[in-house]
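Below: the structure, in structure tokens.
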Amino acid sequence: MSTPNPTRVDAIDILRALTMVLMIFVNDLWSLENIPAWLEHVPSGVDGIGLSDVVFPAFLFIVGMSLPFAIDNRRKKGDTDRQLVGHVLLRSLALLTMGVFLVNGESIHAAATGMSRLLWSVLSCLSFILIWNLYPKSAPKALVMGLKTVGWLTLLTLAFLYRGGEDGHTRFETHWWGILGLIGWSYLAAALVTVFARNRIGILIAAWAGFALLSLITHADLLPDAANFIPGAIRNGTLVGLSLGGVVIATLFRYYRKKADNRQMTLLFLATAIVLIGLSMLTRPYWGLAKLGETPAWLFLCSAFTLLAFTLIYWIADVWGQSRWFDFIKPAGTDTLLCYLIPYFAYATTHFLGIHLPELLLTGGIGLLKSFLFALLCVWITRLLGKAGIRLKL
């Protein structure tokens with residue numbers, strides 16, 4: 001067995017990369033016909049989940065897994081708790097900003113603004129890159145500041161010009177925050193808990209249990225109206241519970257890794273997954289198993305799935321030293337945000353160039369292969385942009 005790198009866990013990057021590839025893949029399924037129903041999202045109000053319903057919670061779980069490593073690394077560099085909280089707030093604000101801009105594009109009124117959804121998305125994503133790109137230290141400060149300013153001015157202009165809704169009278173607003181926004185809220189709560197828990201596993205487990213309980217209370221309609229001032233993504237308990245589950249597992253992982261006890265750790269993780277599956281089965285009869293409903297059963301089951309996937313990948317990549325098997329998707333795990341934005345540019349490019357794929361490539365198994373290759377193409381583009389100096393860092 002190879003000796004794990006104490007400062008880097010390949011399995012987390014690989015799991016993040018696989019999740020992002022799956023996210024791009026399932027988000028492209030809208031373009032296909034005659035594909036298995038189990039690959040798609042289950043409709044609202046239906047008890048059950050498809051493959052598309054387990055990708056987002058896996059990503060939230062991985063967000064939590066990265067937190068203990070990231071926060072401790074910043075502490076080693078000298079960051080105080082106040083500086084850590086400031087970093088968490090700024091990063092959350094960035095994710096919320098990106099989420100709300102992309103969400104507004106979903107309901108933009110082209111006639112009222114002279115701007116299509118695709119153009120809105122491209123301008124928004126370009127602004128995100130200008131603002132949050134990891135510029136080389138050698139780049140002139142005036143140039144960097146200028147590019148960031150252009151990005152912010154573009155976003156402000158878009159927000160001012162925005163008109164949406166069926167009648168084109170709706171102004172720029174938060175709507176439901178979008179995927180990136182939901183990640184932002186979940187990250188905010190989980191990161192603050194992680195900062196102040198200081199790796200104390202008892203506190204972290206109690207925090208996870210508290211948000212899992214909050215999910216149960218919310219779905220039982222027992223949460224008082226006085227709590228409505230809390231953002232829904234946090235108040236519901238489910239999304240934060242997913243991320244805090246990742247924090248707990250990463251903290252336990254680090255403990256067993258220092259002891260070099262992979263066997264005991266694996267047994268604990270397998271037992272934890274079984275308990276989570278049991279909790280999902282116990283709660284499903286009351287509120288169903290549903291992503292759109294963010295039900296407790298969905299929280300428990302998807303946490304179990306992600307934990308099992310991480311355990312398997314850890315043995316392959318870190319213990320057996322076969323991380324190179326996943327090198328072809330590595331950029332999706334190390335520059336995940338940029339990879340997530342690439343499809344917006346891809347869809348806009350094919351639309352504005354008038355490129356239409358033949359029906360054969362949009363149907364059944366061949367269509368699924370097309371969507372998978374599209375996801376890999378996005379990873380490849382991310383790799384090329386990274387080499388060109390374009391990498392996003394919040």
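By order in the structure tokens, chains are A, B, ...; within a chain, residues start at 1; ligands start at 1, following the order shown.
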Find the spatial neighbours of stretch 120-136 of chain A, counting only C-alpha atoms, within a cut-off of 8 Å - ignore same-chain residues fewer than 3 positions away - and output them as a CSV table (one decimal) with N, CA and C atoms, in the first residue's frame.
chain,number,residue,atom,x,y,z
A,98,MET,N,-23.4,34.8,-7.6
A,98,MET,CA,-23.5,34.1,-8.8
A,98,MET,C,-24.8,33.3,-9.0
A,101,PHE,N,-27.7,35.7,-10.0
A,101,PHE,CA,-27.6,36.2,-11.4
A,101,PHE,C,-28.0,35.1,-12.4
A,102,LEU,N,-27.6,33.9,-12.2
A,102,LEU,CA,-27.9,32.8,-13.1
A,102,LEU,C,-29.4,32.5,-13.0
A,105,GLY,N,-31.6,34.8,-14.9
A,105,GLY,CA,-31.6,34.6,-16.4
A,105,GLY,C,-32.6,33.6,-16.8
A,115,MET,N,-32.4,40.9,-24.7
A,115,MET,CA,-31.4,40.0,-24.3
A,115,MET,C,-32.0,38.6,-24.0
A,116,SER,N,-31.4,37.6,-24.7
A,116,SER,CA,-31.9,36.3,-24.4
A,116,SER,C,-31.3,35.7,-23.2
A,117,ARG,N,-31.8,34.6,-22.7
A,117,ARG,CA,-31.3,33.9,-21.5
A,117,ARG,C,-29.8,33.5,-21.7
A,139,ALA,N,1.0,39.7,-12.5
A,139,ALA,CA,0.1,40.6,-13.2
A,139,ALA,C,0.1,41.9,-12.6
A,144,VAL,N,-5.3,44.0,-13.0
A,144,VAL,CA,-6.2,43.1,-12.2
A,144,VAL,C,-7.4,43.9,-11.7
A,147,LEU,N,-9.8,44.8,-14.5
A,147,LEU,CA,-10.6,43.7,-15.0
A,147,LEU,C,-11.7,43.3,-13.9
A,148,LYS,N,-11.4,43.4,-12.7
A,148,LYS,CA,-12.4,43.1,-11.6
A,148,LYS,C,-13.5,44.2,-11.7
A,149,THR,N,-13.1,45.4,-11.9
A,149,THR,CA,-14.1,46.5,-11.9
A,149,THR,C,-15.0,46.4,-13.1
A,150,VAL,N,-14.5,46.0,-14.3
A,150,VAL,CA,-15.3,45.7,-15.4
A,150,VAL,C,-16.3,44.6,-15.1
A,151,GLY,N,-15.9,43.6,-14.4
A,151,GLY,CA,-16.8,42.5,-14.1
A,151,GLY,C,-17.9,43.0,-13.2
A,152,TRP,N,-17.6,43.8,-12.1
A,152,TRP,CA,-18.6,44.3,-11.2
A,152,TRP,C,-19.6,45.3,-11.9
A,154,THR,N,-20.3,45.3,-15.0
A,154,THR,CA,-21.2,44.5,-15.9
A,154,THR,C,-22.4,43.9,-15.2
A,155,LEU,N,-22.1,43.3,-14.0
A,155,LEU,CA,-23.2,42.7,-13.2
A,155,LEU,C,-24.2,43.8,-12.7
A,158,LEU,N,-26.3,44.7,-15.7
A,158,LEU,CA,-27.3,43.7,-16.0
A,158,LEU,C,-28.5,43.7,-15.0
A,338,LEU,N,-15.2,26.8,-12.3
A,338,LEU,CA,-15.0,27.1,-13.7
A,338,LEU,C,-15.6,26.0,-14.6
A,341,LEU,N,-19.2,26.4,-15.0
A,341,LEU,CA,-19.7,27.5,-15.8
A,341,LEU,C,-19.5,27.2,-17.3
A,344,TYR,N,-22.5,26.8,-19.9
A,344,TYR,CA,-23.2,28.1,-20.3
A,344,TYR,C,-22.7,28.6,-21.5
A,345,PHE,N,-21.3,28.6,-21.6
A,345,PHE,CA,-20.7,29.1,-22.8
A,345,PHE,C,-20.9,28.2,-24.0
A,348,ALA,N,-24.5,28.5,-25.4
A,348,ALA,CA,-24.6,29.8,-26.1
A,348,ALA,C,-23.9,29.8,-27.5
A,389,GLY,N,-4.1,30.3,-17.6
A,389,GLY,CA,-4.1,31.2,-16.5
A,389,GLY,C,-5.5,31.6,-16.0
A,390,ILE,N,-6.5,30.9,-16.4
A,390,ILE,CA,-7.9,31.2,-16.0
A,390,ILE,C,-8.3,30.1,-15.0
A,391,ARG,N,-8.3,30.5,-13.7
A,391,ARG,CA,-8.8,29.6,-12.6
A,391,ARG,C,-9.5,30.4,-11.6
A,392,LEU,N,-10.7,29.9,-11.2
A,392,LEU,CA,-11.5,30.7,-10.3
A,392,LEU,C,-11.2,30.3,-8.8
A,393,LYS,N,-11.1,31.3,-8.0
A,393,LYS,CA,-10.8,31.1,-6.6
A,393,LYS,C,-11.6,32.1,-5.8
A,394,LEU,N,-12.5,31.6,-4.9
A,394,LEU,CA,-13.3,32.5,-4.1
A,394,LEU,C,-12.6,32.9,-2.8
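Counting from atom CA of A:Val319, the distance to atom CA of A:Phe372 is 28.2 Å.
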How many Å separate atom CA of A:Ala271 from atom CA of A:Ala58?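 Between these atoms lies a distance of 18.7 Å.
When only C-alpha atoms are used to measure the gap to A:Val42, the shortest distance among A:Gly232, A:Gly386, A:Gly114, A:Gly293 belongs to A:Gly293.
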If you count only C-alpha atoms, which residues fall within 6 Å of stretch 240-244 of chain A, apart from same-chain ones fewer than 5 positions away, as number ranges by chain? A: 60-61, 64, 186, 190, 208, 211-212
Would you output that residue set with all heavy atoms, as a tab-separated table (two decimals), in the first residue's frame?
chain	number	residue	atom	x	y	z
A	60	LEU	N	-22.85	18.81	-2.05
A	60	LEU	CA	-22.92	19.49	-0.76
A	60	LEU	C	-22.13	18.72	0.30
A	60	LEU	O	-21.45	19.31	1.14
A	60	LEU	CB	-24.38	19.62	-0.32
A	60	LEU	CG	-25.23	20.64	-1.08
A	60	LEU	CD1	-26.67	20.59	-0.59
A	60	LEU	CD2	-24.68	22.04	-0.92
A	61	PHE	N	-22.22	17.40	0.27
A	61	PHE	CA	-21.48	16.56	1.21
A	61	PHE	C	-19.97	16.78	1.02
A	61	PHE	O	-19.22	16.89	2.00
A	61	PHE	CB	-21.85	15.10	0.97
A	61	PHE	CG	-21.42	14.16	2.06
A	61	PHE	CD1	-22.28	13.84	3.11
A	61	PHE	CD2	-20.16	13.56	2.04
A	61	PHE	CE1	-21.90	12.96	4.12
A	61	PHE	CE2	-19.77	12.68	3.04
A	61	PHE	CZ	-20.64	12.38	4.08
A	64	GLY	N	-18.64	19.94	2.48
A	64	GLY	CA	-18.36	19.76	3.90
A	64	GLY	C	-17.07	19.01	4.14
A	64	GLY	O	-16.30	19.35	5.05
A	186	SER	N	-25.55	26.77	2.38
A	186	SER	CA	-25.12	25.57	3.09
A	186	SER	C	-23.67	25.69	3.54
A	186	SER	O	-23.33	25.33	4.67
A	186	SER	CB	-25.28	24.35	2.17
A	186	SER	OG	-24.89	23.16	2.83
A	190	ALA	N	-22.33	25.55	7.51
A	190	ALA	CA	-21.40	24.46	7.83
A	190	ALA	C	-20.01	24.98	8.14
A	190	ALA	O	-19.33	24.48	9.04
A	190	ALA	CB	-21.35	23.46	6.67
A	208	TRP	N	-24.49	18.29	13.39
A	208	TRP	CA	-25.15	17.53	12.32
A	208	TRP	C	-26.50	17.01	12.79
A	208	TRP	O	-27.51	17.13	12.08
A	208	TRP	CB	-24.28	16.35	11.88
A	208	TRP	CG	-24.99	15.47	10.89
A	208	TRP	CD1	-25.06	15.65	9.54
A	208	TRP	CD2	-25.78	14.31	11.18
A	208	TRP	NE1	-25.84	14.67	8.97
A	208	TRP	CE2	-26.29	13.84	9.95
A	208	TRP	CE3	-26.09	13.62	12.36
A	208	TRP	CZ2	-27.10	12.71	9.88
A	208	TRP	CZ3	-26.90	12.50	12.29
A	208	TRP	CH2	-27.40	12.05	11.05
A	211	PHE	N	-29.14	19.79	12.84
A	211	PHE	CA	-29.72	20.17	11.54
A	211	PHE	C	-30.57	19.03	10.97
A	211	PHE	O	-31.56	19.30	10.28
A	211	PHE	CB	-28.62	20.58	10.57
A	211	PHE	CG	-28.21	22.02	10.74
A	211	PHE	CD1	-27.10	22.36	11.50
A	211	PHE	CD2	-28.94	23.04	10.15
A	211	PHE	CE1	-26.72	23.68	11.67
A	211	PHE	CE2	-28.58	24.36	10.31
A	211	PHE	CZ	-27.47	24.69	11.08
A	212	ALA	N	-30.19	17.78	11.24
A	212	ALA	CA	-31.04	16.67	10.83
A	212	ALA	C	-32.38	16.72	11.56
A	212	ALA	O	-33.45	16.50	10.98
A	212	ALA	CB	-30.34	15.34	11.10
Using DSSP on the backbone, list every residue of stretch 28-272 of chain A that comes out as strand (DSSP E or B), and give them as a PyMOL selection string. chain A and resi 33+108+133+164+170
Using only C-alpha atoms, which residue out of A:Glu359, A:Asp13, A:Glu106, A:Asp28 lies closest to A:Gly165?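 Looking at the shortest contact to A:Gly165, the residue is A:Glu106.
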Straight-line distance linking atom CA of A:Gly246 with atom CA of A:Ser52, stated in Å to one decimal: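 Separation of atom CA of A:Gly246 and atom CA of A:Ser52: 19.7 Å.
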Could you list, with a cut-off of 12 Å and counting only C-alpha atoms, the residues of stretch 47-138 of chain A near stretch 301-304 of chain A, each shown with its nearest atom pair and the distance in Å rounded to one decimal, rows sorted by chain and ascending number, as JSON lines?
{"residue": "A:Gly48", "atom": "CA", "partner": "A:Leu301", "partner_atom": "CA", "distance": 11.2}
{"residue": "A:Ile49", "atom": "CA", "partner": "A:Cys302", "partner_atom": "CA", "distance": 9.9}
{"residue": "A:Gly50", "atom": "CA", "partner": "A:Cys302", "partner_atom": "CA", "distance": 11.3}
{"residue": "A:Leu51", "atom": "CA", "partner": "A:Cys302", "partner_atom": "CA", "distance": 10.6}
{"residue": "A:Ser52", "atom": "CA", "partner": "A:Cys302", "partner_atom": "CA", "distance": 11.5}
{"residue": "A:Asp53", "atom": "CA", "partner": "A:Cys302", "partner_atom": "CA", "distance": 8.8}
{"residue": "A:Val54", "atom": "CA", "partner": "A:Cys302", "partner_atom": "CA", "distance": 5.9}
{"residue": "A:Val55", "atom": "CA", "partner": "A:Cys302", "partner_atom": "CA", "distance": 8.6}
{"residue": "A:Phe56", "atom": "CA", "partner": "A:Cys302", "partner_atom": "CA", "distance": 9.3}
{"residue": "A:Pro57", "atom": "CA", "partner": "A:Cys302", "partner_atom": "CA", "distance": 6.3}
{"residue": "A:Ala58", "atom": "CA", "partner": "A:Cys302", "partner_atom": "CA", "distance": 6.7}
{"residue": "A:Phe59", "atom": "CA", "partner": "A:Ser303", "partner_atom": "CA", "distance": 10.2}
{"residue": "A:Leu60", "atom": "CA", "partner": "A:Ser303", "partner_atom": "CA", "distance": 9.4}
{"residue": "A:Phe61", "atom": "CA", "partner": "A:Ser303", "partner_atom": "CA", "distance": 6.9}
{"residue": "A:Ile62", "atom": "CA", "partner": "A:Ser303", "partner_atom": "CA", "distance": 9.9}
{"residue": "A:Gly64", "atom": "CA", "partner": "A:Ser303", "partner_atom": "CA", "distance": 11.2}
{"residue": "A:Met65", "atom": "CA", "partner": "A:Ser303", "partner_atom": "CA", "distance": 11.6}
Find the residues around A:Asp81 up to 12 Å (only C-alpha atoms counted), leave out those fewer than 4 positions away in its own chain, and share them as a PyMOL selection string. chain A and resi 71-72+74-76+85-88+191-198
Prev. selection, N, CA and C atoms, output as a short mmCIF file (atom, residue, chain, number, x, y, z; two decimals), in the first residue's frame:
data_model
loop_
_atom_site.label_atom_id
_atom_site.label_comp_id
_atom_site.auth_asym_id
_atom_site.auth_seq_id
_atom_site.Cartn_x
_atom_site.Cartn_y
_atom_site.Cartn_z
N ILE A 71 -9.89 24.96 6.43
CA ILE A 71 -9.83 25.84 7.60
C ILE A 71 -8.54 25.62 8.39
N ASP A 72 -8.14 24.37 8.56
CA ASP A 72 -6.89 24.12 9.28
C ASP A 72 -5.68 24.64 8.51
N ARG A 74 -5.64 27.27 6.61
CA ARG A 74 -5.60 28.72 6.80
C ARG A 74 -5.13 29.06 8.22
N ARG A 75 -5.50 28.25 9.19
CA ARG A 75 -5.01 28.47 10.56
C ARG A 75 -3.48 28.31 10.63
N LYS A 76 -2.95 27.33 9.91
CA LYS A 76 -1.51 27.12 9.90
C LYS A 76 -0.77 28.31 9.30
N VAL A 85 -13.81 33.77 9.70
CA VAL A 85 -15.22 34.14 9.52
C VAL A 85 -15.38 35.11 8.36
N GLY A 86 -14.48 36.07 8.26
CA GLY A 86 -14.53 37.01 7.16
C GLY A 86 -14.39 36.32 5.82
N HIS A 87 -13.47 35.36 5.75
CA HIS A 87 -13.29 34.60 4.51
C HIS A 87 -14.55 33.82 4.17
N VAL A 88 -15.15 33.19 5.17
CA VAL A 88 -16.38 32.42 4.95
C VAL A 88 -17.50 33.32 4.44
N ALA A 191 -19.56 25.99 7.41
CA ALA A 191 -18.21 26.53 7.63
C ALA A 191 -18.11 27.24 8.97
N LEU A 192 -19.13 27.99 9.35
CA LEU A 192 -19.10 28.68 10.64
C LEU A 192 -19.07 27.67 11.79
N VAL A 193 -19.85 26.61 11.67
CA VAL A 193 -19.81 25.56 12.69
C VAL A 193 -18.41 24.95 12.76
N THR A 194 -17.81 24.70 11.60
CA THR A 194 -16.48 24.08 11.56
C THR A 194 -15.43 24.99 12.17
N VAL A 195 -15.53 26.28 11.90
CA VAL A 195 -14.56 27.24 12.45
C VAL A 195 -14.57 27.18 13.98
N PHE A 196 -15.74 27.26 14.57
CA PHE A 196 -15.84 27.38 16.02
C PHE A 196 -15.79 26.03 16.73
N ALA A 197 -16.04 24.94 16.01
CA ALA A 197 -15.94 23.62 16.64
C ALA A 197 -14.49 23.22 16.85
N ARG A 198 -13.59 23.74 16.03
CA ARG A 198 -12.15 23.45 16.16
C ARG A 198 -11.86 21.95 16.24
#
Taking into account only C-alpha atoms, which residue in the set A:Phe352, A:Tyr256, A:Phe326, A:Phe269 is nearest to A:Phe305?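 Smallest distance to A:Phe305 is found for A:Phe269.
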With distances taken over only C-alpha atoms, which residue among A:Trp185, A:Trp38, A:Phe172, A:Phe253 lies nearest A:Phe69?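 Result for the nearest residue to A:Phe69: A:Phe253.
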Restricting the calculation to only C-alpha atoms, which member of A:Ala189, A:Leu15, A:Ala290, A:Ile35 is positioned closest to A:Gly367?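 Of A:Ala189, A:Leu15, A:Ala290, A:Ile35, the one nearest A:Gly367, counting only C-alpha atoms, is A:Ile35.
Nearest to A:Tyr347 of all the residues A:Gly202, A:Asn104, A:Ser323, A:Phe374 is A:Phe374, based on only C-alpha atoms.
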